[in-house]
Each structure stands twice: as C-alpha cells, then as structure tokens.
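Data block for work.cif (mmCIF, N, CA and C atoms):
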data_work
loop_
_atom_site.label_atom_id
_atom_site.label_comp_id
_atom_site.auth_asym_id
_atom_site.auth_seq_id
_atom_site.Cartn_x
_atom_site.Cartn_y
_atom_site.Cartn_z
N MET A 1 12.48 0.56 -6.43
CA MET A 1 13.22 0.35 -7.65
C MET A 1 12.41 0.92 -8.81
N ALA A 2 12.91 1.99 -9.44
CA ALA A 2 12.22 2.63 -10.56
C ALA A 2 12.65 1.98 -11.87
N SER A 3 11.68 1.86 -12.79
CA SER A 3 12.01 1.31 -14.10
C SER A 3 11.11 1.92 -15.16
N HIS A 4 11.46 1.64 -16.41
CA HIS A 4 10.71 2.12 -17.56
C HIS A 4 10.46 0.93 -18.47
N ALA A 5 9.22 0.71 -18.83
CA ALA A 5 8.85 -0.38 -19.73
C ALA A 5 8.20 0.22 -20.96
N ALA A 6 8.51 -0.34 -22.12
CA ALA A 6 7.93 0.17 -23.36
C ALA A 6 7.66 -0.97 -24.32
N GLY A 7 6.74 -0.73 -25.23
CA GLY A 7 6.42 -1.71 -26.25
C GLY A 7 5.16 -1.31 -27.00
N THR A 8 4.57 -2.29 -27.65
CA THR A 8 3.36 -2.05 -28.42
C THR A 8 2.22 -2.89 -27.85
N PHE A 9 1.01 -2.58 -28.30
CA PHE A 9 -0.12 -3.42 -27.92
C PHE A 9 -1.18 -3.39 -29.01
N ASP A 10 -1.93 -4.46 -29.04
CA ASP A 10 -3.09 -4.57 -29.92
C ASP A 10 -4.32 -4.40 -29.04
N VAL A 11 -5.32 -3.69 -29.55
CA VAL A 11 -6.52 -3.43 -28.75
C VAL A 11 -7.77 -3.72 -29.57
N THR A 12 -8.75 -4.31 -28.90
CA THR A 12 -10.06 -4.54 -29.48
C THR A 12 -11.09 -3.90 -28.56
N LEU A 13 -11.88 -2.97 -29.11
CA LEU A 13 -12.96 -2.32 -28.37
C LEU A 13 -14.27 -2.90 -28.89
N THR A 14 -15.10 -3.40 -27.97
CA THR A 14 -16.35 -4.04 -28.37
C THR A 14 -17.52 -3.33 -27.69
N PRO A 15 -18.45 -2.78 -28.50
CA PRO A 15 -19.64 -2.16 -27.90
C PRO A 15 -20.55 -3.23 -27.33
N PRO A 16 -21.46 -2.85 -26.43
CA PRO A 16 -22.38 -3.84 -25.85
C PRO A 16 -23.35 -4.37 -26.91
N PRO A 17 -23.95 -5.52 -26.64
CA PRO A 17 -24.96 -6.03 -27.57
C PRO A 17 -26.10 -5.02 -27.74
N ALA A 18 -26.80 -5.12 -28.85
CA ALA A 18 -27.86 -4.16 -29.18
C ALA A 18 -28.90 -4.04 -28.08
N ASP A 19 -29.22 -5.15 -27.41
CA ASP A 19 -30.25 -5.08 -26.37
C ASP A 19 -29.78 -4.39 -25.09
N GLU A 20 -28.47 -4.08 -24.98
CA GLU A 20 -27.94 -3.38 -23.81
C GLU A 20 -27.61 -1.93 -24.10
N LYS A 21 -27.76 -1.48 -25.34
CA LYS A 21 -27.45 -0.10 -25.69
C LYS A 21 -28.56 0.82 -25.21
N THR A 22 -28.17 2.09 -24.95
CA THR A 22 -29.16 3.09 -24.55
C THR A 22 -29.56 3.91 -25.77
N ASP A 23 -30.59 4.69 -25.62
CA ASP A 23 -31.03 5.59 -26.68
C ASP A 23 -30.23 6.90 -26.67
N ASP A 24 -29.35 7.06 -25.70
CA ASP A 24 -28.57 8.29 -25.57
C ASP A 24 -27.32 8.18 -26.44
N ALA A 25 -27.30 8.91 -27.55
CA ALA A 25 -26.18 8.84 -28.49
C ALA A 25 -24.90 9.45 -27.94
N ILE A 26 -25.00 10.25 -26.87
CA ILE A 26 -23.83 10.90 -26.31
C ILE A 26 -23.03 9.97 -25.40
N LEU A 27 -23.72 9.08 -24.68
CA LEU A 27 -23.04 8.18 -23.74
C LEU A 27 -22.82 6.81 -24.37
N GLY A 28 -21.65 6.22 -24.08
CA GLY A 28 -21.35 4.90 -24.62
C GLY A 28 -20.59 4.05 -23.62
N ARG A 29 -20.53 2.76 -23.92
CA ARG A 29 -19.80 1.80 -23.09
C ARG A 29 -19.20 0.76 -24.01
N MET A 30 -17.99 0.30 -23.68
CA MET A 30 -17.31 -0.73 -24.47
C MET A 30 -16.47 -1.61 -23.56
N THR A 31 -16.24 -2.84 -24.00
CA THR A 31 -15.24 -3.66 -23.32
C THR A 31 -13.92 -3.46 -24.05
N ILE A 32 -12.83 -3.62 -23.30
CA ILE A 32 -11.47 -3.45 -23.82
C ILE A 32 -10.75 -4.78 -23.68
N ASP A 33 -10.12 -5.23 -24.75
CA ASP A 33 -9.24 -6.40 -24.71
C ASP A 33 -7.93 -5.99 -25.36
N LYS A 34 -6.82 -6.19 -24.63
CA LYS A 34 -5.50 -5.81 -25.15
C LYS A 34 -4.54 -6.98 -25.07
N ARG A 35 -3.55 -6.94 -25.98
CA ARG A 35 -2.42 -7.87 -25.95
C ARG A 35 -1.17 -7.01 -25.98
N PHE A 36 -0.40 -7.02 -24.88
CA PHE A 36 0.81 -6.22 -24.75
C PHE A 36 2.04 -7.01 -25.23
N HIS A 37 2.94 -6.31 -25.91
CA HIS A 37 4.20 -6.88 -26.39
C HIS A 37 5.34 -5.98 -25.89
N GLY A 38 6.51 -6.54 -25.70
CA GLY A 38 7.66 -5.75 -25.28
C GLY A 38 7.99 -6.02 -23.83
N ASP A 39 8.36 -4.96 -23.11
CA ASP A 39 8.76 -5.12 -21.70
C ASP A 39 7.61 -5.61 -20.83
N LEU A 40 6.39 -5.30 -21.24
CA LEU A 40 5.19 -5.85 -20.61
C LEU A 40 4.63 -6.87 -21.57
N ASP A 41 4.62 -8.12 -21.14
CA ASP A 41 4.12 -9.21 -21.98
C ASP A 41 2.89 -9.78 -21.30
N GLY A 42 1.72 -9.51 -21.88
CA GLY A 42 0.51 -10.00 -21.23
C GLY A 42 -0.75 -9.53 -21.93
N THR A 43 -1.85 -9.67 -21.22
CA THR A 43 -3.16 -9.30 -21.74
C THR A 43 -3.88 -8.44 -20.71
N SER A 44 -4.93 -7.78 -21.17
CA SER A 44 -5.79 -7.06 -20.23
C SER A 44 -7.22 -7.14 -20.72
N ARG A 45 -8.10 -6.94 -19.77
CA ARG A 45 -9.54 -6.89 -20.05
C ARG A 45 -10.11 -5.78 -19.19
N GLY A 46 -11.03 -4.99 -19.76
CA GLY A 46 -11.57 -3.89 -18.99
C GLY A 46 -12.86 -3.35 -19.55
N GLN A 47 -13.29 -2.24 -18.95
CA GLN A 47 -14.53 -1.56 -19.31
C GLN A 47 -14.23 -0.08 -19.53
N MET A 48 -14.88 0.49 -20.54
CA MET A 48 -14.71 1.90 -20.87
C MET A 48 -16.09 2.57 -20.95
N LEU A 49 -16.19 3.76 -20.35
CA LEU A 49 -17.37 4.61 -20.49
C LEU A 49 -16.96 5.84 -21.27
N THR A 50 -17.78 6.25 -22.24
CA THR A 50 -17.44 7.38 -23.10
C THR A 50 -18.55 8.42 -23.10
N ALA A 51 -18.16 9.65 -23.42
CA ALA A 51 -19.13 10.73 -23.61
C ALA A 51 -18.68 11.57 -24.79
N GLY A 52 -19.54 11.70 -25.77
CA GLY A 52 -19.29 12.58 -26.90
C GLY A 52 -20.03 13.89 -26.67
N THR A 53 -19.76 14.86 -27.53
CA THR A 53 -20.47 16.13 -27.43
C THR A 53 -20.91 16.56 -28.83
N ALA A 54 -21.68 17.63 -28.88
CA ALA A 54 -22.12 18.17 -30.16
C ALA A 54 -20.98 18.91 -30.87
N VAL A 55 -19.89 19.20 -30.15
CA VAL A 55 -18.75 19.90 -30.73
C VAL A 55 -17.77 18.87 -31.28
N LYS A 56 -17.48 18.95 -32.57
CA LYS A 56 -16.55 18.02 -33.21
C LYS A 56 -15.19 18.10 -32.52
N GLY A 57 -14.63 16.93 -32.18
CA GLY A 57 -13.31 16.89 -31.56
C GLY A 57 -13.32 17.04 -30.05
N SER A 58 -14.49 17.01 -29.42
CA SER A 58 -14.55 17.08 -27.96
C SER A 58 -15.25 15.83 -27.43
N ALA A 59 -14.64 15.19 -26.44
CA ALA A 59 -15.18 13.95 -25.87
C ALA A 59 -14.44 13.64 -24.58
N GLY A 60 -14.90 12.60 -23.90
CA GLY A 60 -14.23 12.14 -22.69
C GLY A 60 -14.43 10.66 -22.50
N TYR A 61 -13.51 10.05 -21.74
CA TYR A 61 -13.68 8.64 -21.39
C TYR A 61 -12.99 8.33 -20.08
N VAL A 62 -13.51 7.32 -19.42
CA VAL A 62 -12.87 6.72 -18.25
C VAL A 62 -12.86 5.22 -18.49
N ALA A 63 -11.85 4.55 -17.94
CA ALA A 63 -11.77 3.10 -18.11
C ALA A 63 -10.99 2.49 -16.97
N ILE A 64 -11.27 1.22 -16.73
CA ILE A 64 -10.54 0.40 -15.78
C ILE A 64 -10.18 -0.89 -16.51
N GLU A 65 -8.92 -1.30 -16.43
CA GLU A 65 -8.53 -2.57 -17.05
C GLU A 65 -7.59 -3.34 -16.13
N LYS A 66 -7.79 -4.65 -16.07
CA LYS A 66 -6.93 -5.52 -15.28
C LYS A 66 -5.92 -6.17 -16.22
N VAL A 67 -4.63 -5.97 -15.92
CA VAL A 67 -3.53 -6.49 -16.72
C VAL A 67 -2.98 -7.74 -16.05
N THR A 68 -2.78 -8.78 -16.85
CA THR A 68 -2.20 -10.04 -16.38
C THR A 68 -1.00 -10.35 -17.25
N GLY A 69 0.17 -10.57 -16.63
CA GLY A 69 1.34 -10.89 -17.44
C GLY A 69 2.63 -10.76 -16.69
N THR A 70 3.68 -10.48 -17.47
CA THR A 70 5.03 -10.35 -16.94
C THR A 70 5.56 -8.96 -17.25
N LEU A 71 6.06 -8.29 -16.24
CA LEU A 71 6.64 -6.95 -16.37
C LEU A 71 8.05 -7.01 -15.81
N GLY A 72 9.03 -6.80 -16.66
CA GLY A 72 10.43 -6.84 -16.19
C GLY A 72 10.78 -8.18 -15.57
N GLY A 73 10.24 -9.26 -16.10
CA GLY A 73 10.53 -10.59 -15.59
C GLY A 73 9.73 -10.99 -14.37
N ARG A 74 8.86 -10.12 -13.89
CA ARG A 74 8.03 -10.42 -12.72
C ARG A 74 6.59 -10.68 -13.16
N ARG A 75 6.02 -11.75 -12.66
CA ARG A 75 4.68 -12.17 -13.07
C ARG A 75 3.64 -11.75 -12.04
N GLY A 76 2.46 -11.34 -12.53
CA GLY A 76 1.37 -10.98 -11.65
C GLY A 76 0.29 -10.22 -12.39
N THR A 77 -0.53 -9.51 -11.63
CA THR A 77 -1.58 -8.68 -12.21
C THR A 77 -1.53 -7.30 -11.58
N PHE A 78 -2.14 -6.34 -12.26
CA PHE A 78 -2.34 -5.00 -11.71
C PHE A 78 -3.46 -4.34 -12.50
N VAL A 79 -3.99 -3.24 -11.95
CA VAL A 79 -5.12 -2.55 -12.56
C VAL A 79 -4.69 -1.16 -13.00
N LEU A 80 -5.12 -0.78 -14.23
CA LEU A 80 -4.88 0.56 -14.75
C LEU A 80 -6.18 1.34 -14.75
N GLN A 81 -6.10 2.61 -14.34
CA GLN A 81 -7.24 3.52 -14.36
C GLN A 81 -6.96 4.62 -15.38
N HIS A 82 -7.88 4.81 -16.34
CA HIS A 82 -7.74 5.82 -17.40
C HIS A 82 -8.69 6.99 -17.15
N SER A 83 -8.24 8.19 -17.47
CA SER A 83 -9.10 9.37 -17.51
C SER A 83 -8.64 10.21 -18.70
N GLY A 84 -9.49 10.29 -19.73
CA GLY A 84 -9.09 11.00 -20.94
C GLY A 84 -10.12 12.01 -21.39
N THR A 85 -9.64 13.12 -21.93
CA THR A 85 -10.51 14.12 -22.53
C THR A 85 -9.89 14.58 -23.85
N ILE A 86 -10.75 15.01 -24.75
CA ILE A 86 -10.32 15.65 -25.98
C ILE A 86 -11.07 16.98 -26.03
N ASN A 87 -10.33 18.07 -26.01
CA ASN A 87 -10.91 19.40 -26.02
C ASN A 87 -10.68 20.02 -27.40
N ARG A 88 -11.70 19.89 -28.27
CA ARG A 88 -11.62 20.41 -29.64
C ARG A 88 -10.38 19.92 -30.36
N GLY A 89 -10.11 18.61 -30.20
CA GLY A 89 -8.99 17.96 -30.88
C GLY A 89 -7.73 17.85 -30.06
N GLY A 90 -7.64 18.56 -28.93
CA GLY A 90 -6.46 18.50 -28.07
C GLY A 90 -6.63 17.44 -27.00
N PRO A 91 -5.89 16.31 -27.12
CA PRO A 91 -6.09 15.22 -26.16
C PRO A 91 -5.32 15.41 -24.85
N SER A 92 -5.89 14.87 -23.80
CA SER A 92 -5.26 14.79 -22.49
C SER A 92 -5.61 13.43 -21.90
N LEU A 93 -4.60 12.67 -21.49
CA LEU A 93 -4.84 11.32 -20.99
C LEU A 93 -3.95 11.05 -19.79
N VAL A 94 -4.55 10.56 -18.72
CA VAL A 94 -3.81 10.14 -17.53
C VAL A 94 -4.17 8.68 -17.27
N ILE A 95 -3.14 7.82 -17.22
CA ILE A 95 -3.34 6.41 -16.91
C ILE A 95 -2.46 6.09 -15.72
N THR A 96 -3.07 5.61 -14.64
CA THR A 96 -2.37 5.36 -13.39
C THR A 96 -2.57 3.92 -12.94
N VAL A 97 -1.51 3.33 -12.39
CA VAL A 97 -1.65 2.03 -11.74
C VAL A 97 -2.43 2.26 -10.44
N VAL A 98 -3.54 1.55 -10.28
CA VAL A 98 -4.35 1.70 -9.07
C VAL A 98 -3.51 1.25 -7.87
N PRO A 99 -3.40 2.10 -6.84
CA PRO A 99 -2.59 1.74 -5.67
C PRO A 99 -3.01 0.40 -5.08
N ASP A 100 -2.02 -0.39 -4.72
CA ASP A 100 -2.19 -1.69 -4.06
C ASP A 100 -2.96 -2.71 -4.90
N SER A 101 -3.00 -2.51 -6.23
CA SER A 101 -3.69 -3.46 -7.10
C SER A 101 -2.77 -4.58 -7.59
N GLY A 102 -1.46 -4.44 -7.41
CA GLY A 102 -0.53 -5.45 -7.89
C GLY A 102 -0.63 -6.74 -7.08
N THR A 103 -0.50 -7.87 -7.80
CA THR A 103 -0.52 -9.18 -7.14
C THR A 103 0.71 -9.98 -7.57
N GLY A 104 0.94 -11.08 -6.89
CA GLY A 104 2.08 -11.93 -7.23
C GLY A 104 3.37 -11.17 -7.09
N GLU A 105 4.26 -11.34 -8.07
CA GLU A 105 5.54 -10.64 -8.05
C GLU A 105 5.42 -9.17 -8.39
N LEU A 106 4.22 -8.72 -8.72
CA LEU A 106 3.97 -7.30 -9.01
C LEU A 106 3.28 -6.58 -7.84
N ALA A 107 3.19 -7.23 -6.70
CA ALA A 107 2.66 -6.57 -5.50
C ALA A 107 3.54 -5.37 -5.18
N GLY A 108 2.93 -4.25 -4.88
CA GLY A 108 3.67 -3.02 -4.58
C GLY A 108 3.94 -2.16 -5.81
N LEU A 109 3.41 -2.55 -6.99
CA LEU A 109 3.63 -1.78 -8.21
C LEU A 109 2.89 -0.45 -8.15
N ALA A 110 3.55 0.61 -8.59
CA ALA A 110 2.96 1.94 -8.72
C ALA A 110 3.50 2.55 -9.99
N GLY A 111 2.76 3.49 -10.57
CA GLY A 111 3.30 4.15 -11.75
C GLY A 111 2.24 4.74 -12.64
N THR A 112 2.70 5.26 -13.78
CA THR A 112 1.84 5.86 -14.78
C THR A 112 2.21 5.34 -16.16
N MET A 113 1.21 5.30 -17.04
CA MET A 113 1.41 4.82 -18.40
C MET A 113 1.03 5.92 -19.38
N ALA A 114 1.79 6.01 -20.46
CA ALA A 114 1.45 6.90 -21.58
C ALA A 114 1.19 6.03 -22.80
N ILE A 115 0.24 6.44 -23.62
CA ILE A 115 -0.09 5.72 -24.84
C ILE A 115 0.08 6.67 -26.02
N THR A 116 0.69 6.16 -27.10
CA THR A 116 0.76 6.91 -28.34
C THR A 116 0.21 6.03 -29.45
N ILE A 117 -0.39 6.69 -30.44
CA ILE A 117 -0.93 5.99 -31.60
C ILE A 117 -0.27 6.58 -32.84
N ALA A 118 0.47 5.74 -33.56
CA ALA A 118 1.16 6.18 -34.77
C ALA A 118 0.14 6.44 -35.88
N PRO A 119 0.52 7.23 -36.89
CA PRO A 119 -0.40 7.52 -37.99
C PRO A 119 -1.00 6.26 -38.65
N GLY A 120 -0.27 5.16 -38.69
CA GLY A 120 -0.80 3.92 -39.25
C GLY A 120 -1.70 3.15 -38.30
N GLY A 121 -1.85 3.64 -37.07
CA GLY A 121 -2.74 3.00 -36.12
C GLY A 121 -2.06 2.12 -35.08
N GLN A 122 -0.72 1.93 -35.16
CA GLN A 122 -0.01 1.11 -34.19
C GLN A 122 -0.01 1.79 -32.83
N HIS A 123 -0.46 1.07 -31.80
CA HIS A 123 -0.51 1.59 -30.43
C HIS A 123 0.78 1.22 -29.70
N SER A 124 1.35 2.19 -28.97
CA SER A 124 2.54 1.96 -28.15
C SER A 124 2.27 2.45 -26.73
N TYR A 125 2.99 1.85 -25.78
CA TYR A 125 2.86 2.27 -24.38
C TYR A 125 4.24 2.56 -23.82
N ALA A 126 4.28 3.39 -22.80
CA ALA A 126 5.47 3.64 -21.99
C ALA A 126 5.00 3.66 -20.54
N LEU A 127 5.53 2.75 -19.74
CA LEU A 127 5.13 2.63 -18.34
C LEU A 127 6.31 3.00 -17.46
N ASP A 128 6.16 4.08 -16.70
CA ASP A 128 7.16 4.46 -15.70
C ASP A 128 6.63 3.96 -14.38
N ASP A 129 7.40 3.06 -13.76
CA ASP A 129 6.86 2.41 -12.56
C ASP A 129 7.92 2.24 -11.49
N THR A 130 7.42 1.98 -10.30
CA THR A 130 8.26 1.57 -9.19
C THR A 130 7.65 0.33 -8.58
N LEU A 131 8.49 -0.50 -8.03
CA LEU A 131 8.03 -1.71 -7.39
C LEU A 131 8.60 -1.72 -5.98
N ALA A 132 7.73 -1.49 -5.02
CA ALA A 132 8.15 -1.46 -3.62
C ALA A 132 8.48 -2.86 -3.14
N GLU A 133 9.49 -2.98 -2.34
CA GLU A 133 9.83 -4.28 -1.75
C GLU A 133 8.75 -4.65 -0.76
N GLN A 134 8.31 -5.87 -0.83
CA GLN A 134 7.26 -6.37 0.06
C GLN A 134 7.90 -7.07 1.28
N PRO A 135 7.30 -6.87 2.45
CA PRO A 135 7.86 -7.51 3.66
C PRO A 135 7.71 -9.03 3.60
#

Take the structure I supplied and represent it as structure tokens, if you would.
Amino acid sequence: MASHAAGTFDVTLTPPPADEKTDDAILGRMTIDKRFHGDLDGTSRGQMLTAGTAVKGSAGYVAIEKVTGTLGGRRGTFVLQHSGTINRGGPSLVITVVPDSGTGELAGLAGTMAITIAPGGQHSYALDDTLAEQP
C-alpha cells in the first residue's frame, strides 16, 4: 500500500559538550531532536556527523534518527538514514527508511523522505512510503 505523508517539523541540533569536542574544525557531531506535525505525528532522536571544507558552500553530513509516533493512523517506530552533500551551494540529500526498521503497526515500512526549508526557516517533510502487509 503506497502513500504520501506531508507536514512540518521543528528541529533542535545540539553540539556535544565542550569536553567531547575535537580540535578538528572540519569534523563535527550533533544530536538531533525533532517534533513532527501533520500526517506524521511524533518525535525523533538521532546523531549527525558533519564535514566542512575550506571551500565556502561545500560540506557533507550523515545522520541516523529513530522516529516514534503515528503515520497514517498507524503507531510504531522506524529509522531514517540521511546522506547529504552541498557542492559549492548545490545541495543533494537522500533520506531513506532503513529496511526492516519499522515496529508495531509500522512493521514493513519502506520509503524515502524529502526535506525543504522555507526562507523563514520553517522545515517541511514529504514521505513517500509503502507499508508491506505482515504475515
């Protein structure tokens, strides 16, 4: 069963405490906390690794976040995997539901998510997903 979920989310990125930071200004790490609104109603918590470069507008990040909530009236959890790059200002982002990560009524969930950020900073998501029937 294929579906499309959309809405907004609030995100808080928190760098590690000062005693856990490295001296390498190019590499970074942050925790991610999100609150989803709309067709996906829930929260997530995750970890992000970042890499900056000496070239303005070029960077990369990877992240894993566990989402807990209700999607299309079904309750459970699932994990999102992010892979993003910015090549001299041109962004590329792939966010995928980790295979077999769904639990509860979201067992069998698969799909991809897109994120957009409006000029005022409002974050929105679009999740194209399928939910396989479980035996």

- Task: Identify all residues satisfying the PyMOL selection byres ((chain A and resi 4-13) around 5) in the given file; provide them as a list in words.
- Result: Ala2, Ser3, Thr14, Pro15, Thr31, Ile32, Asp33, Lys34, Arg35, Phe36, His37, Gly38, Asp39, His123, Ser124, Tyr125, Ala126, Leu127 and Asp128 of chain A

- For the structure provided, state which residues fall under the PyMOL selection byres ((chain A and resi 101) around 6), and present them as number ranges by chain. A: 77-79, 98-100, 102-103

- Message: Under the PyMOL selection byres (((chain A and resi 63 and name CA) around 9) and name CA), which residues of this model are included? Write them out as an NGL selection string.
- Response: :A and (32 or 46-50 or 61-62 or 64-65 or 80-84)

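For stretch 2-135 of chain A, backbone-based DSSP assignment of helix (DSSP H, G or I) covers Ala18, Asp19, Glu20, Gly104, Glu105 and Leu106 of chain A.
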
- Message: With distances taken over only C-alpha atoms, which residue among A:Ala132, A:Leu106, A:Ile115, A:Val55 lies nearest A:Asn87?
- Response: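 Closest to A:Asn87, using only C-alpha atoms: A:Val55.
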
- Message: DSSP on the backbone: which residues in chain A end up as strand (DSSP E)? Give the answer as number ranges by chain.
- Response: A: 2-14, 27-38, 40-52, 59-71, 74-87, 90-97, 109-117, 123-131

- Task: May I ask which of the residues A:Thr85, A:Thr130, A:Thr112, A:Ser92 is the closest one to A:Gly52, counting only C-alpha atoms?
- Result: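 Among A:Thr85, A:Thr130, A:Thr112, A:Ser92, it is A:Thr85 that comes nearest to A:Gly52.
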
Would you compute an axis-aligned box for stretch 38-42 of chain A, covering every atom listed for it in the file with 5 Å of margin on each side, and report centre and edge lengths in Å to one decimal as JSON?
{"center_x": 4.0, "center_y": -7.5, "center_z": -23.2, "size_x": 19.5, "size_y": 15.0, "size_z": 15.1}

- Query: Quick one, how far is atom C of A:Thr96 from atom C of A:Met113?
  - Reply: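 Distance reported for this atom pair: 7.6 Å.
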
- Task: Identify the residues within 10 Å of coordinate (3.0, -9.1, -14.6) (same frame as the file), considering only C-alpha atoms, and give the answer as a PyMOL selection string.
- Result: chain A and resi 39-43+67-78+102-107+109

Let's have the selection written as an mmCIF file, keeping the file's coordinate frame, with N, CA and C atoms.
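Saved the output as again21.cif:
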data_model
loop_
_atom_site.group_PDB
_atom_site.id
_atom_site.type_symbol
_atom_site.label_atom_id
_atom_site.label_comp_id
_atom_site.auth_asym_id
_atom_site.auth_seq_id
_atom_site.Cartn_x
_atom_site.Cartn_y
_atom_site.Cartn_z
ATOM 1 N N ASP A 39 8.360 -4.960 -23.110
ATOM 2 C CA ASP A 39 8.760 -5.120 -21.700
ATOM 3 C C ASP A 39 7.610 -5.610 -20.830
ATOM 4 N N LEU A 40 6.390 -5.300 -21.240
ATOM 5 C CA LEU A 40 5.190 -5.850 -20.610
ATOM 6 C C LEU A 40 4.630 -6.870 -21.570
ATOM 7 N N ASP A 41 4.620 -8.120 -21.140
ATOM 8 C CA ASP A 41 4.120 -9.210 -21.980
ATOM 9 C C ASP A 41 2.890 -9.780 -21.300
ATOM 10 N N GLY A 42 1.720 -9.510 -21.880
ATOM 11 C CA GLY A 42 0.510 -10.000 -21.230
ATOM 12 C C GLY A 42 -0.750 -9.530 -21.930
ATOM 13 N N THR A 43 -1.850 -9.670 -21.220
ATOM 14 C CA THR A 43 -3.160 -9.300 -21.740
ATOM 15 C C THR A 43 -3.880 -8.440 -20.710
ATOM 16 N N VAL A 67 -4.630 -5.970 -15.920
ATOM 17 C CA VAL A 67 -3.530 -6.490 -16.720
ATOM 18 C C VAL A 67 -2.980 -7.740 -16.050
ATOM 19 N N THR A 68 -2.780 -8.780 -16.850
ATOM 20 C CA THR A 68 -2.200 -10.040 -16.380
ATOM 21 C C THR A 68 -1.000 -10.350 -17.250
ATOM 22 N N GLY A 69 0.170 -10.570 -16.630
ATOM 23 C CA GLY A 69 1.340 -10.890 -17.440
ATOM 24 C C GLY A 69 2.630 -10.760 -16.690
ATOM 25 N N THR A 70 3.680 -10.480 -17.470
ATOM 26 C CA THR A 70 5.030 -10.350 -16.940
ATOM 27 C C THR A 70 5.560 -8.960 -17.250
ATOM 28 N N LEU A 71 6.060 -8.290 -16.240
ATOM 29 C CA LEU A 71 6.640 -6.950 -16.370
ATOM 30 C C LEU A 71 8.050 -7.010 -15.810
ATOM 31 N N GLY A 72 9.030 -6.800 -16.660
ATOM 32 C CA GLY A 72 10.430 -6.840 -16.190
ATOM 33 C C GLY A 72 10.780 -8.180 -15.570
ATOM 34 N N GLY A 73 10.240 -9.260 -16.100
ATOM 35 C CA GLY A 73 10.530 -10.590 -15.590
ATOM 36 C C GLY A 73 9.730 -10.990 -14.370
ATOM 37 N N ARG A 74 8.860 -10.120 -13.890
ATOM 38 C CA ARG A 74 8.030 -10.420 -12.720
ATOM 39 C C ARG A 74 6.590 -10.680 -13.160
ATOM 40 N N ARG A 75 6.020 -11.750 -12.660
ATOM 41 C CA ARG A 75 4.680 -12.170 -13.070
ATOM 42 C C ARG A 75 3.640 -11.750 -12.040
ATOM 43 N N GLY A 76 2.460 -11.340 -12.530
ATOM 44 C CA GLY A 76 1.370 -10.980 -11.650
ATOM 45 C C GLY A 76 0.290 -10.220 -12.390
ATOM 46 N N THR A 77 -0.530 -9.510 -11.630
ATOM 47 C CA THR A 77 -1.580 -8.680 -12.210
ATOM 48 C C THR A 77 -1.530 -7.300 -11.580
ATOM 49 N N PHE A 78 -2.140 -6.340 -12.260
ATOM 50 C CA PHE A 78 -2.340 -5.000 -11.710
ATOM 51 C C PHE A 78 -3.460 -4.340 -12.500
ATOM 52 N N GLY A 102 -1.460 -4.440 -7.410
ATOM 53 C CA GLY A 102 -0.530 -5.450 -7.890
ATOM 54 C C GLY A 102 -0.630 -6.740 -7.080
ATOM 55 N N THR A 103 -0.500 -7.870 -7.800
ATOM 56 C CA THR A 103 -0.520 -9.180 -7.140
ATOM 57 C C THR A 103 0.710 -9.980 -7.570
ATOM 58 N N GLY A 104 0.940 -11.080 -6.890
ATOM 59 C CA GLY A 104 2.080 -11.930 -7.230
ATOM 60 C C GLY A 104 3.370 -11.170 -7.090
ATOM 61 N N GLU A 105 4.260 -11.340 -8.070
ATOM 62 C CA GLU A 105 5.540 -10.640 -8.050
ATOM 63 C C GLU A 105 5.420 -9.170 -8.390
ATOM 64 N N LEU A 106 4.220 -8.720 -8.720
ATOM 65 C CA LEU A 106 3.970 -7.300 -9.010
ATOM 66 C C LEU A 106 3.280 -6.580 -7.840
ATOM 67 N N ALA A 107 3.190 -7.230 -6.700
ATOM 68 C CA ALA A 107 2.660 -6.570 -5.500
ATOM 69 C C ALA A 107 3.540 -5.370 -5.180
ATOM 70 N N LEU A 109 3.410 -2.550 -6.990
ATOM 71 C CA LEU A 109 3.630 -1.780 -8.210
ATOM 72 C C LEU A 109 2.890 -0.450 -8.150
#

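Atom pair atom C of A:Ala59 / atom C of A:Asp129: separated by 28.3 Å.
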
- Note on the structure: Separating atom CA of A:Ser58 from atom C of A:Pro16, to the nearest tenth of an Å, is a gap of 23.2 Å
